[in-house]
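Structure file entry25.cif (mmCIF, C-alpha atoms and all ligand atoms) is printed below.
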```cif
data_final
loop_
_atom_site.label_atom_id
_atom_site.label_comp_id
_atom_site.auth_asym_id
_atom_site.auth_seq_id
_atom_site.Cartn_x
_atom_site.Cartn_y
_atom_site.Cartn_z
CA MET A 221 -45.90 -42.97 101.11
CA LEU A 222 -48.79 -45.42 100.80
CA ARG A 223 -49.12 -44.33 97.19
CA ASN A 224 -45.42 -44.99 96.51
CA ALA A 225 -45.72 -48.45 98.03
CA PHE A 226 -48.75 -49.12 95.87
CA LEU A 227 -46.93 -47.97 92.71
CA ALA A 228 -43.89 -50.12 93.55
CA PHE A 229 -46.21 -53.11 94.05
CA LYS A 230 -47.99 -52.38 90.77
CA ARG A 231 -44.67 -52.24 88.91
CA LEU A 232 -43.66 -55.57 90.45
CA ILE A 233 -46.93 -57.18 89.33
CA GLU A 234 -46.46 -55.67 85.85
CA ARG A 235 -43.04 -57.25 85.62
CA TRP A 236 -44.33 -60.65 86.66
CA ARG A 237 -47.28 -60.50 84.36
CA PRO A 238 -46.83 -63.23 81.77
CA GLY A 239 -46.07 -62.21 78.21
CA ARG A 240 -48.88 -62.41 75.72
CA VAL A 241 -50.02 -65.68 74.17
CA TRP A 242 -49.06 -65.13 70.54
CA ALA A 243 -50.90 -66.78 67.67
CA GLU A 244 -49.37 -69.61 65.63
CA ARG A 245 -49.41 -67.48 62.47
CA THR A 246 -48.83 -63.75 62.84
CA LEU A 247 -48.56 -61.02 60.25
CA VAL A 248 -46.57 -58.13 61.73
CA VAL A 249 -46.92 -54.69 60.17
CA GLY A 250 -46.29 -51.02 60.90
CA PRO A 251 -48.67 -48.22 59.88
CA VAL A 252 -48.85 -47.57 56.14
CA GLN A 253 -47.32 -44.14 56.84
CA PRO A 254 -44.97 -43.08 58.26
CA VAL A 255 -42.51 -45.92 57.76
CA ASP A 256 -39.77 -45.11 60.25
CA GLY A 257 -37.03 -46.65 62.35
CA ASP A 258 -39.46 -47.50 65.13
CA SER A 259 -42.07 -49.21 62.93
CA VAL A 260 -39.51 -51.16 60.86
CA ALA A 261 -37.30 -52.25 63.78
CA SER A 262 -40.31 -53.20 65.94
CA THR A 263 -41.69 -55.26 63.06
CA LYS A 264 -38.36 -57.04 62.62
CA ALA A 265 -37.94 -57.67 66.36
CA LEU A 266 -41.39 -59.20 66.72
CA ILE A 267 -40.85 -61.46 63.69
CA LEU A 268 -37.51 -62.67 65.12
CA HIS A 269 -39.08 -63.24 68.54
CA LEU A 270 -42.06 -65.20 67.23
CA ARG A 271 -39.89 -67.37 65.02
CA LYS A 272 -37.66 -68.19 67.99
CA LEU A 273 -40.83 -69.37 69.75
CA GLY A 274 -41.37 -71.76 66.83
CA LYS A 275 -44.23 -69.76 65.32
CA GLU A 276 -44.79 -68.52 61.79
CA ALA A 277 -44.37 -64.78 61.31
CA PHE A 278 -44.07 -62.54 58.26
CA THR A 279 -44.51 -58.91 57.31
CA LEU A 280 -45.84 -57.15 54.19
CA PRO A 281 -43.99 -54.85 51.80
CA THR A 282 -44.21 -51.17 52.75
CA VAL A 283 -45.16 -48.24 50.52
CA HIS A 284 -41.91 -46.45 51.30
CA MET A 285 -38.45 -47.24 52.65
CA TYR A 286 -35.62 -44.94 53.71
CA LYS A 287 -32.22 -46.09 52.54
CA GLN A 288 -30.83 -45.97 56.09
CA LEU A 289 -33.47 -48.56 57.14
CA ARG A 290 -33.39 -50.83 54.10
CA TRP A 291 -30.83 -53.23 55.66
CA ILE A 292 -33.19 -54.20 58.50
CA LEU A 293 -35.68 -56.27 56.49
CA HIS A 294 -34.77 -59.29 54.35
CA PRO A 295 -36.79 -61.02 51.63
CA SER A 296 -37.21 -63.91 54.10
CA ASP A 297 -39.22 -61.57 56.36
CA LEU A 298 -41.92 -61.61 53.67
CA HIS A 299 -43.91 -64.68 52.70
CA PRO A 300 -42.68 -65.97 49.30
CA THR A 301 -46.14 -65.29 47.84
CA CYS A 302 -45.59 -61.53 48.29
CA LEU A 303 -42.18 -61.38 46.61
CA PRO A 304 -43.45 -61.02 43.01
CA TYR A 305 -45.22 -57.82 44.10
CA VAL A 306 -42.23 -56.03 45.64
CA THR A 307 -39.33 -53.89 44.44
CA GLU A 308 -35.73 -54.44 45.44
CA ASP A 309 -36.37 -52.20 48.46
CA LEU A 310 -39.21 -54.54 49.52
CA THR A 311 -41.73 -51.78 48.79
CA THR A 312 -44.93 -51.89 46.78
CA ALA A 313 -47.37 -49.38 45.32
CA CYS A 314 -50.31 -51.50 46.51
CA VAL A 315 -50.20 -53.20 49.91
CA GLN A 316 -53.70 -54.60 49.44
CA GLN A 317 -52.63 -56.54 46.35
CA ALA A 318 -49.70 -58.13 48.21
CA TYR A 319 -51.94 -58.92 51.20
CA ASP A 320 -54.67 -60.50 49.06
CA ALA A 321 -52.07 -62.63 47.28
CA LEU A 322 -50.73 -63.70 50.67
CA LEU A 323 -54.19 -64.75 51.92
CA GLU A 324 -54.50 -67.26 49.12
CA LYS A 325 -51.51 -69.24 50.43
CA TRP A 326 -51.12 -68.22 54.05
CA ARG A 327 -53.89 -66.79 56.22
CA PRO A 328 -52.60 -65.27 59.49
CA ASP A 329 -54.49 -66.00 62.72
CA GLU A 330 -53.78 -62.43 63.72
CA ILE A 331 -52.24 -59.19 62.49
CA VAL A 332 -50.05 -57.30 64.97
CA LEU A 333 -49.76 -53.61 64.18
CA VAL A 334 -46.80 -51.87 65.81
CA ASP A 335 -46.22 -48.11 66.14
CA GLY A 336 -49.56 -46.92 64.70
CA GLN A 337 -53.29 -47.29 65.16
CA ALA A 338 -55.82 -49.41 63.34
CA GLU A 339 -57.03 -46.62 61.03
CA LYS A 340 -53.43 -46.35 59.76
CA LEU A 341 -53.21 -49.99 58.73
CA GLY A 342 -53.64 -49.08 55.07
CA PHE A 343 -55.37 -52.26 53.85
CA ASP A 344 -58.55 -54.28 54.40
CA THR A 345 -57.73 -57.24 56.66
CA ARG A 346 -60.55 -59.37 55.12
CA GLY A 347 -61.75 -60.31 58.57
CA VAL A 348 -58.42 -61.10 60.27
CA SER A 349 -58.28 -59.54 63.77
CA VAL A 350 -55.73 -56.88 64.65
CA PHE A 351 -53.77 -56.42 67.87
CA THR A 352 -52.17 -52.98 68.20
CA VAL A 353 -48.99 -52.10 70.12
CA ASP A 354 -48.53 -48.36 70.05
CA HIS A 355 -47.20 -45.34 71.95
CA HIS A 356 -49.30 -42.66 70.22
CA LEU A 357 -51.98 -41.64 72.68
CA GLY A 358 -54.36 -39.76 70.35
CA HIS A 359 -57.30 -41.92 71.47
CA GLY A 360 -56.02 -42.45 75.03
CA PRO A 361 -54.24 -45.45 76.59
CA ARG A 362 -55.58 -49.00 76.22
CA ASP A 363 -54.77 -52.41 77.60
CA ASP A 364 -57.25 -55.00 76.39
CA ARG A 365 -57.69 -57.94 74.02
CA ASN A 366 -57.13 -55.82 70.92
CA ALA A 367 -54.58 -53.24 71.93
CA TYR A 368 -51.74 -52.28 74.21
CA ILE A 369 -51.37 -48.53 73.86
CA GLN A 370 -49.33 -46.73 76.49
CA PRO A 371 -46.99 -43.75 76.66
CA ALA A 372 -43.41 -44.79 75.86
CA PRO A 373 -40.33 -43.37 74.13
CA ALA A 374 -40.96 -45.76 71.19
CA ALA A 375 -43.28 -48.62 70.30
CA GLY A 376 -40.14 -50.75 70.52
CA CYS A 377 -39.90 -49.88 74.24
CA LEU A 378 -43.37 -51.38 74.82
CA LEU A 379 -42.16 -54.62 73.18
CA ILE A 380 -39.24 -54.64 75.62
CA GLU A 381 -41.04 -53.52 78.78
CA ARG A 382 -44.39 -55.27 78.43
CA PHE A 383 -43.69 -58.28 76.23
CA GLY A 384 -40.09 -59.08 77.19
CA ILE A 385 -38.89 -58.90 73.58
CA CYS A 386 -35.23 -57.86 73.78
CA GLU A 387 -33.97 -58.17 70.20
CA PRO A 388 -30.92 -55.85 69.77
CA ILE A 389 -32.47 -54.40 66.58
CA LEU A 390 -34.85 -52.48 68.87
CA ALA A 391 -31.98 -50.04 69.49
CA VAL A 392 -32.98 -48.63 66.08
CA ALA A 393 -36.52 -47.96 67.33
CA ILE A 394 -35.22 -46.24 70.46
CA LEU A 395 -32.56 -44.10 68.76
CA THR A 396 -34.99 -43.01 66.03
CA ASP A 397 -37.91 -41.97 68.21
CA THR A 398 -35.78 -40.26 70.89
CA PHE A 399 -33.57 -38.47 68.34
CA TRP A 400 -30.54 -40.24 69.76
CA LEU A 401 -31.71 -39.95 73.39
CA ARG A 402 -32.43 -36.22 73.20
CA LYS A 403 -36.26 -36.18 73.45
CA ASN A 404 -39.33 -38.30 74.30
CA MET A 405 -38.51 -39.79 77.71
CA PRO A 406 -34.78 -40.29 77.03
CA GLY A 407 -34.11 -41.60 80.57
CA ARG A 408 -36.72 -44.33 80.22
CA ALA A 409 -35.22 -45.09 76.81
CA VAL A 410 -31.87 -45.69 78.53
CA ASP A 411 -33.56 -48.29 80.75
CA ALA A 412 -34.87 -50.03 77.63
CA LEU A 413 -31.41 -49.94 76.05
CA TYR A 414 -30.03 -51.47 79.23
CA ALA A 415 -32.47 -54.36 78.85
CA LEU A 416 -31.18 -54.87 75.29
CA ARG A 417 -27.62 -54.65 76.57
CA ARG A 418 -28.23 -57.78 78.63
CA HIS A 419 -29.60 -59.57 75.54
CA GLY A 420 -26.92 -59.16 72.90
CA LEU A 421 -26.62 -55.41 72.31
CA THR A 422 -22.81 -55.38 72.44
CA ASP A 423 -20.55 -52.40 71.70
CA GLU A 424 -19.99 -53.84 68.22
CA VAL A 425 -23.69 -54.29 67.48
CA LEU A 426 -24.61 -50.82 68.75
CA SER A 427 -21.88 -49.06 66.77
CA ALA A 428 -22.74 -51.07 63.63
CA ILE A 429 -26.40 -50.06 64.01
CA GLN A 430 -25.46 -46.40 64.41
CA SER A 431 -23.23 -46.36 61.35
CA GLU A 432 -26.02 -47.95 59.27
CA LEU A 433 -28.41 -45.22 60.41
CA MET A 434 -26.02 -42.36 59.63
CA VAL A 435 -26.07 -42.39 55.83
CA PRO A 436 -23.89 -39.85 54.01
CA LYS A 437 -25.70 -36.62 53.13
CA ASP A 438 -26.35 -35.60 49.55
CA PRO A 439 -23.43 -33.35 48.42
CA ARG A 440 -26.05 -30.97 46.98
CA VAL A 441 -26.75 -29.95 50.59
CA LEU A 442 -23.28 -28.36 50.71
CA GLU A 443 -23.85 -26.69 47.36
CA ALA A 444 -27.17 -25.31 48.55
CA LEU A 445 -25.48 -23.90 51.64
CA ARG A 446 -22.63 -22.38 49.64
CA GLY A 447 -24.98 -20.72 47.16
CA CYS A 448 -27.58 -19.45 49.61
CA ASP A 449 -28.26 -15.89 50.74
CA LEU A 450 -27.52 -16.00 54.50
CA ARG A 451 -28.39 -13.01 56.67
CA TYR A 452 -28.01 -13.39 60.41
CA GLN A 453 -28.32 -11.37 63.55
CA GLY A 454 -27.38 -12.84 66.94
CA THR A 455 -28.67 -16.41 67.01
CA ALA A 456 -31.29 -15.86 64.30
CA ALA A 457 -30.69 -16.64 60.63
CA PHE A 458 -32.74 -15.67 57.59
CA VAL A 459 -31.76 -17.80 54.60
CA VAL A 460 -32.87 -17.83 50.95
CA LEU A 461 -32.03 -21.00 49.02
CA LYS A 462 -31.60 -21.38 45.26
CA GLU A 463 -32.72 -24.98 45.74
CA LYS A 464 -36.35 -26.18 45.77
CA ASN A 465 -35.83 -29.86 46.59
CA PRO A 466 -37.63 -30.53 49.94
CA GLU A 467 -35.07 -33.09 51.15
CA ILE A 468 -32.14 -30.74 50.48
CA HIS A 469 -34.05 -27.96 52.25
CA ARG A 470 -34.68 -30.22 55.26
CA ASP A 471 -31.00 -31.16 55.53
CA VAL A 472 -29.90 -27.52 55.17
CA VAL A 473 -32.25 -26.60 58.04
CA GLY A 474 -30.76 -29.45 60.07
CA ILE A 475 -27.20 -28.20 59.56
CA LEU A 476 -28.10 -24.56 60.28
CA GLY A 477 -29.75 -25.77 63.49
CA TYR A 478 -26.31 -26.52 64.94
CA THR A 479 -25.38 -22.83 64.66
CA PHE A 480 -28.63 -20.86 65.06
CA ARG A 481 -31.51 -21.02 67.55
CA HIS A 482 -34.06 -19.31 65.32
CA LEU A 483 -34.39 -20.04 61.61
CA CYS A 484 -36.37 -18.74 58.68
CA VAL A 485 -35.41 -20.63 55.53
CA VAL A 486 -36.98 -19.74 52.19
CA ARG A 487 -36.96 -22.42 49.51
CA ALA A 488 -36.69 -21.48 45.81
CA ASP A 489 -40.34 -22.42 45.25
CA GLY A 490 -41.53 -19.98 47.94
CA TYR A 491 -42.01 -22.46 50.81
CA VAL A 492 -40.80 -20.90 54.07
CA SER A 493 -39.87 -22.98 57.11
CA LEU A 494 -39.70 -21.28 60.49
CA SER A 495 -38.33 -22.71 63.71
CA THR A 496 -37.18 -21.64 67.14
CA LYS A 497 -35.62 -23.46 70.07
CA ASP A 498 -36.98 -20.86 72.52
CA ASN A 499 -40.04 -22.37 74.21
CA ALA A 500 -41.20 -18.91 75.33
CA LYS A 501 -41.53 -17.75 71.72
CA SER A 502 -43.65 -18.78 68.76
CA VAL A 503 -42.98 -18.78 65.02
CA ARG A 504 -46.64 -19.53 64.31
CA PRO A 505 -47.89 -15.92 63.89
CA ILE A 506 -45.40 -15.28 61.05
CA ALA A 507 -46.38 -18.58 59.37
CA ILE A 508 -50.06 -17.64 59.58
CA LYS A 509 -49.30 -14.15 58.21
CA TYR A 510 -47.76 -15.89 55.16
CA GLY A 511 -50.66 -18.24 54.49
CA GLY A 512 -49.37 -21.21 56.50
CA ASP A 513 -49.61 -22.60 60.04
CA GLY A 514 -47.91 -25.08 62.35
CA HIS A 515 -46.68 -25.38 65.92
CA ARG A 516 -45.14 -22.79 68.24
CA ASN A 517 -41.59 -24.04 67.68
CA SER A 518 -41.92 -25.13 64.06
CA ALA A 519 -44.21 -23.83 61.31
CA ALA A 520 -44.28 -23.06 57.60
CA GLY A 521 -45.67 -20.38 55.29
CA TYR A 522 -45.52 -19.53 51.57
CA LEU A 523 -44.29 -16.62 49.47
CA GLN A 524 -46.04 -15.95 46.16
CA THR A 525 -42.93 -14.27 44.78
CA LEU A 526 -39.25 -14.05 45.74
CA GLU A 527 -38.91 -10.36 44.79
CA PRO A 528 -36.29 -8.57 46.92
CA SER A 529 -38.88 -6.35 48.62
CA VAL A 530 -40.96 -9.39 49.67
CA LEU A 531 -37.87 -11.16 51.05
CA ASP A 532 -36.74 -7.99 52.87
CA ASP A 533 -40.18 -7.63 54.41
CA LEU A 534 -40.19 -11.22 55.69
CA GLN A 535 -36.64 -10.82 56.99
CA ALA A 536 -37.61 -7.61 58.85
CA ARG A 537 -40.63 -9.31 60.48
CA PHE A 538 -38.58 -12.33 61.50
CA MET A 539 -35.64 -10.33 62.86
CA ALA A 540 -37.94 -7.96 64.75
CA GLU A 541 -39.16 -10.99 66.73
CA PHE A 542 -35.99 -13.11 66.92
CA GLY A 543 -33.02 -10.97 65.84
CA ASP A 544 -31.79 -9.97 69.28
CA CYS A 545 -32.64 -13.20 71.06
CA GLN A 546 -29.93 -15.34 72.56
MN MN A 601 -42.85 -44.60 67.14
#
```
Now that the file is in, can you turn its structure into structure tokens?
Ligand SMILES: [Mn+2]
Amino acid sequence: MLRNAFLAFKRLIERWRPGRVWAERTLVVGPVQPVDGDSVASTKALILHLRKLGKEAFTLPTVHMYKQLRWILHPSDLHPTCLPYVTEDLTTACVQQAYDALLEKWRPDEIVLVDGQAEKLGFDTRGVSVFTVDHHLGHGPRDDRNAYIQPAPAAGCLLIERFGICEPILAVAILTDTFWLRKNMPGRAVDALYALRRHGLTDEVLSAIQSELMVPKDPRVLEALRGCDLRYQGTAAFVVLKEKNPEIHRDVVGILGYTFRHLCVVRADGYVSLSTKDNAKSVRPIAIKYGGDGHRNSAAGYLQTLEPSVLDDLQARFMAEFGDCQ
């Protein structure tokens, strides 16, 4: 009881705690990899917020950009000095080159890194200090001059909850990192969405964001499904693809996941992905047997050859473990 009162008091203090004093000139970046909906949307939200406060804020080009996220950043989010170094997608092969060019014309007082930790910055800051906002707890939580690292559904949620930044674009960060409110503290993510709701996240904005994120799939995914060798038993499927493209393979696995709980999908180059939705079971031993490794619910191995006897043997092993599961 006393503990509950203490926690309620602590939350109240947290809420009243003033936002951070931001620098006059801030460079906002995500980790060099992965570039995802959380890192890109959090970057954009912080730039918008700082500019509304009358401060200067820019980001750098990234090394990669998914087409469903490309619409979030505009050339004006980069300092004009960087633009000669970027592609149409605002990406670059060398972040350091763009950063060094930037320093000649515009030196930030501070770099804010969102959704990753300092070792994932991907360039030498040439002495500019870094403040990190992150929800990956590999090195434990932090709350000090150089970092705010706490558990959260997304880095974007920390911007909302701790720094009072409620830009509607942060819905992208939340939807991405919670897999559309399925995982990673989805209830707390709803609270964060509610905060956005009171700051401009209308029905129209939210449905526009969702349709931007749901890009059409490559038609080759359907071809790969039509041409595959599908053998199933109960809720387990063993599938051999004629396709070796990793992205097609990933999308095929995604589609099969709607129908089956346990999957073993062999790609034409011998890569084998294994997954199960049963927390009591593990696909790892089969992955290890086939020269790979991974997690209990998702792992990968490799086949040296796709000869029928090798495929039959893998199928038998997989079905012996998962074939009669529901
Ligand atoms: Mn994240």
TODO: Kindly provide, as JSON, numbers by chain, the polymer residues lying within 10 Å of (-30.5, -56.9, 76.5), counting all atoms listed in the file and using the coordinates exactly as they appear in the file.
DONE: {"A": [380, 384, 385, 386, 387, 388, 390, 391, 412, 413, 414, 415, 416, 417, 418, 419, 420, 421, 422]}
TODO: Could you please determine the separation between atom CA of A:Gln316 and atom CA of A:Gly336 in Å, to one decimal place?
DONE: 17.6 Å
Could you give me, as a JSON list (two decimals) with C-alpha atoms, in the frame of the given file, the residues that sit within 12 Å of (-34.5, -45.0, 79.0) in the file's coordinates, counting only C-alpha atoms?
```
[["chain", "number", "residue", "atom", "x", "y", "z"],
["A", 372, "ALA", "CA", -43.41, -44.79, 75.86],
["A", 373, "PRO", "CA", -40.33, -43.37, 74.13],
["A", 374, "ALA", "CA", -40.96, -45.76, 71.19],
["A", 376, "GLY", "CA", -40.14, -50.75, 70.52],
["A", 377, "CYS", "CA", -39.90, -49.88, 74.24],
["A", 378, "LEU", "CA", -43.37, -51.38, 74.82],
["A", 380, "ILE", "CA", -39.24, -54.64, 75.62],
["A", 381, "GLU", "CA", -41.04, -53.52, 78.78],
["A", 391, "ALA", "CA", -31.98, -50.04, 69.49],
["A", 394, "ILE", "CA", -35.22, -46.24, 70.46],
["A", 395, "LEU", "CA", -32.56, -44.10, 68.76],
["A", 397, "ASP", "CA", -37.91, -41.97, 68.21],
["A", 398, "THR", "CA", -35.78, -40.26, 70.89],
["A", 400, "TRP", "CA", -30.54, -40.24, 69.76],
["A", 401, "LEU", "CA", -31.71, -39.95, 73.39],
["A", 402, "ARG", "CA", -32.43, -36.22, 73.20],
["A", 403, "LYS", "CA", -36.26, -36.18, 73.45],
["A", 404, "ASN", "CA", -39.33, -38.30, 74.30],
["A", 405, "MET", "CA", -38.51, -39.79, 77.71],
["A", 406, "PRO", "CA", -34.78, -40.29, 77.03],
["A", 407, "GLY", "CA", -34.11, -41.60, 80.57],
["A", 408, "ARG", "CA", -36.72, -44.33, 80.22],
["A", 409, "ALA", "CA", -35.22, -45.09, 76.81],
["A", 410, "VAL", "CA", -31.87, -45.69, 78.53],
["A", 411, "ASP", "CA", -33.56, -48.29, 80.75],
["A", 412, "ALA", "CA", -34.87, -50.03, 77.63],
["A", 413, "LEU", "CA", -31.41, -49.94, 76.05],
["A", 414, "TYR", "CA", -30.03, -51.47, 79.23],
["A", 415, "ALA", "CA", -32.47, -54.36, 78.85],
["A", 416, "LEU", "CA", -31.18, -54.87, 75.29]]
```
Open item on the list: Can you pull out every residue with an atom within 7 Å of ligand MN 601 (chain A)? Use all atoms listed in the file and format it as a PyMOL selection string.
Closed with: chain A and resi 258-259+335+355+374-375+397
Open item on the list: Applying 8 Å and all atoms listed in the file, which residues near stretch 268-278 of chain A remain after dropping the ones on its own chain fewer than 3 positions away? List them as a list in words.
Closed with: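 Here the qualifying residues turn out to be Trp242, Ala243, Glu244, Arg245, Thr246, Leu247, Val248, Lys264, Ala265, Asp297, Leu298, His299, Ile385 and Glu387 of chain A.
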- [ ] Measuring atom to atom with only C-alpha atoms, identify which of A:Ala321, A:Ala507, A:Leu531, A:Ala457 is nearest to A:Leu303.
- [x] A:Ala321
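Our summary of the geometry notes that atom CA of A:Tyr510 is positioned 8.9 Å from atom CA of A:Leu534.
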Open item on the list: Could you tell me how far atom CA of A:Ala393 sits from atom CA of A:Ser262, in Å to one decimal place?
Closed with: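 According to the coordinates, atom CA of A:Ser262 and atom CA of A:Ala393 are separated by 6.6 Å.
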- [ ] Identify, on the basis of only C-alpha atoms, every residue whose closest approach to A:Leu526 does not exceed 10 Å; exclude the query and any residue fewer than 6 positions from it along the same chain; express the result as a list in words.
- [x]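 Contacts, with the query itself left out: Val460, Val486, Arg487, Ala488, Asp489, Gly490 and Asp532 of chain A.
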Open item on the list: When you count only C-alpha atoms, which of these residues is closest to A:Val255: A:Pro361, A:Asp329, A:Phe343, A:Thr396?
Closed with: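 Of A:Pro361, A:Asp329, A:Phe343, A:Thr396, the one nearest A:Val255, counting only C-alpha atoms, is A:Thr396.
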- [ ] Would you mind telling me which residue in A:Val334, A:Leu461, A:Leu426, A:Met434 lies nearest to A:Arg446 when using all atoms listed in the file?
- [x]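 Among A:Val334, A:Leu461, A:Leu426, A:Met434, it is A:Leu461 that comes nearest to A:Arg446.
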Open item on the list: Under the rule that all atoms listed in the file are counted, which of A:Arg240, A:Thr525, A:Ala261, A:Val252 is the nearest residue to A:Val392?
Closed with: A:Ala261
Expected axis-aligned box over every listed atom of stretch 341-354 of chain A, 4 Å added per side, centre plus edges in Å to one decimal, as JSON:
```
{"center_x": -55.1, "center_y": -54.7, "center_z": 62.0, "size_x": 21.2, "size_y": 20.7, "size_z": 24.3}
```
TODO: Could you give me, as a PyMOL selection string, the residues within 12 Å of A:Thr282, counting only C-alpha atoms and dropping anything in the same chain fewer than 2 positions from it?
DONE: chain A and resi 248-256+259-260+263+279-280+284-286+289-290+293+298+302+305-319+341-343
Write the selection just made, keeping C-alpha atoms, as a CSV table (one decimal), in the coordinates of the input?
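Saved result, part18.csv, follows:
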```csv
chain,number,residue,atom,x,y,z
A,248,VAL,CA,-46.6,-58.1,61.7
A,249,VAL,CA,-46.9,-54.7,60.2
A,250,GLY,CA,-46.3,-51.0,60.9
A,251,PRO,CA,-48.7,-48.2,59.9
A,252,VAL,CA,-48.8,-47.6,56.1
A,253,GLN,CA,-47.3,-44.1,56.8
A,254,PRO,CA,-45.0,-43.1,58.3
A,255,VAL,CA,-42.5,-45.9,57.8
A,256,ASP,CA,-39.8,-45.1,60.2
A,259,SER,CA,-42.1,-49.2,62.9
A,260,VAL,CA,-39.5,-51.2,60.9
A,263,THR,CA,-41.7,-55.3,63.1
A,279,THR,CA,-44.5,-58.9,57.3
A,280,LEU,CA,-45.8,-57.2,54.2
A,284,HIS,CA,-41.9,-46.4,51.3
A,285,MET,CA,-38.4,-47.2,52.6
A,286,TYR,CA,-35.6,-44.9,53.7
A,289,LEU,CA,-33.5,-48.6,57.1
A,290,ARG,CA,-33.4,-50.8,54.1
A,293,LEU,CA,-35.7,-56.3,56.5
A,298,LEU,CA,-41.9,-61.6,53.7
A,302,CYS,CA,-45.6,-61.5,48.3
A,305,TYR,CA,-45.2,-57.8,44.1
A,306,VAL,CA,-42.2,-56.0,45.6
A,307,THR,CA,-39.3,-53.9,44.4
A,308,GLU,CA,-35.7,-54.4,45.4
A,309,ASP,CA,-36.4,-52.2,48.5
A,310,LEU,CA,-39.2,-54.5,49.5
A,311,THR,CA,-41.7,-51.8,48.8
A,312,THR,CA,-44.9,-51.9,46.8
A,313,ALA,CA,-47.4,-49.4,45.3
A,314,CYS,CA,-50.3,-51.5,46.5
A,315,VAL,CA,-50.2,-53.2,49.9
A,316,GLN,CA,-53.7,-54.6,49.4
A,317,GLN,CA,-52.6,-56.5,46.4
A,318,ALA,CA,-49.7,-58.1,48.2
A,319,TYR,CA,-51.9,-58.9,51.2
A,341,LEU,CA,-53.2,-50.0,58.7
A,342,GLY,CA,-53.6,-49.1,55.1
A,343,PHE,CA,-55.4,-52.3,53.8
```
- [ ] For each of A:Thr352, A:Pro300, A:Ala500, A:Tyr452, take the minimum atom-to-atom distance to A:Asp364, counting all atoms listed in the file, then give the residue where this is smallest.
- [x]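 So, comparing all the options, the nearest one is A:Thr352.
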Task: Shortest interatomic distance to A:Ser431 - which of A:Val492, A:Trp291, A:Phe383, A:Asp498, counting only C-alpha atoms - done: A:Trp291
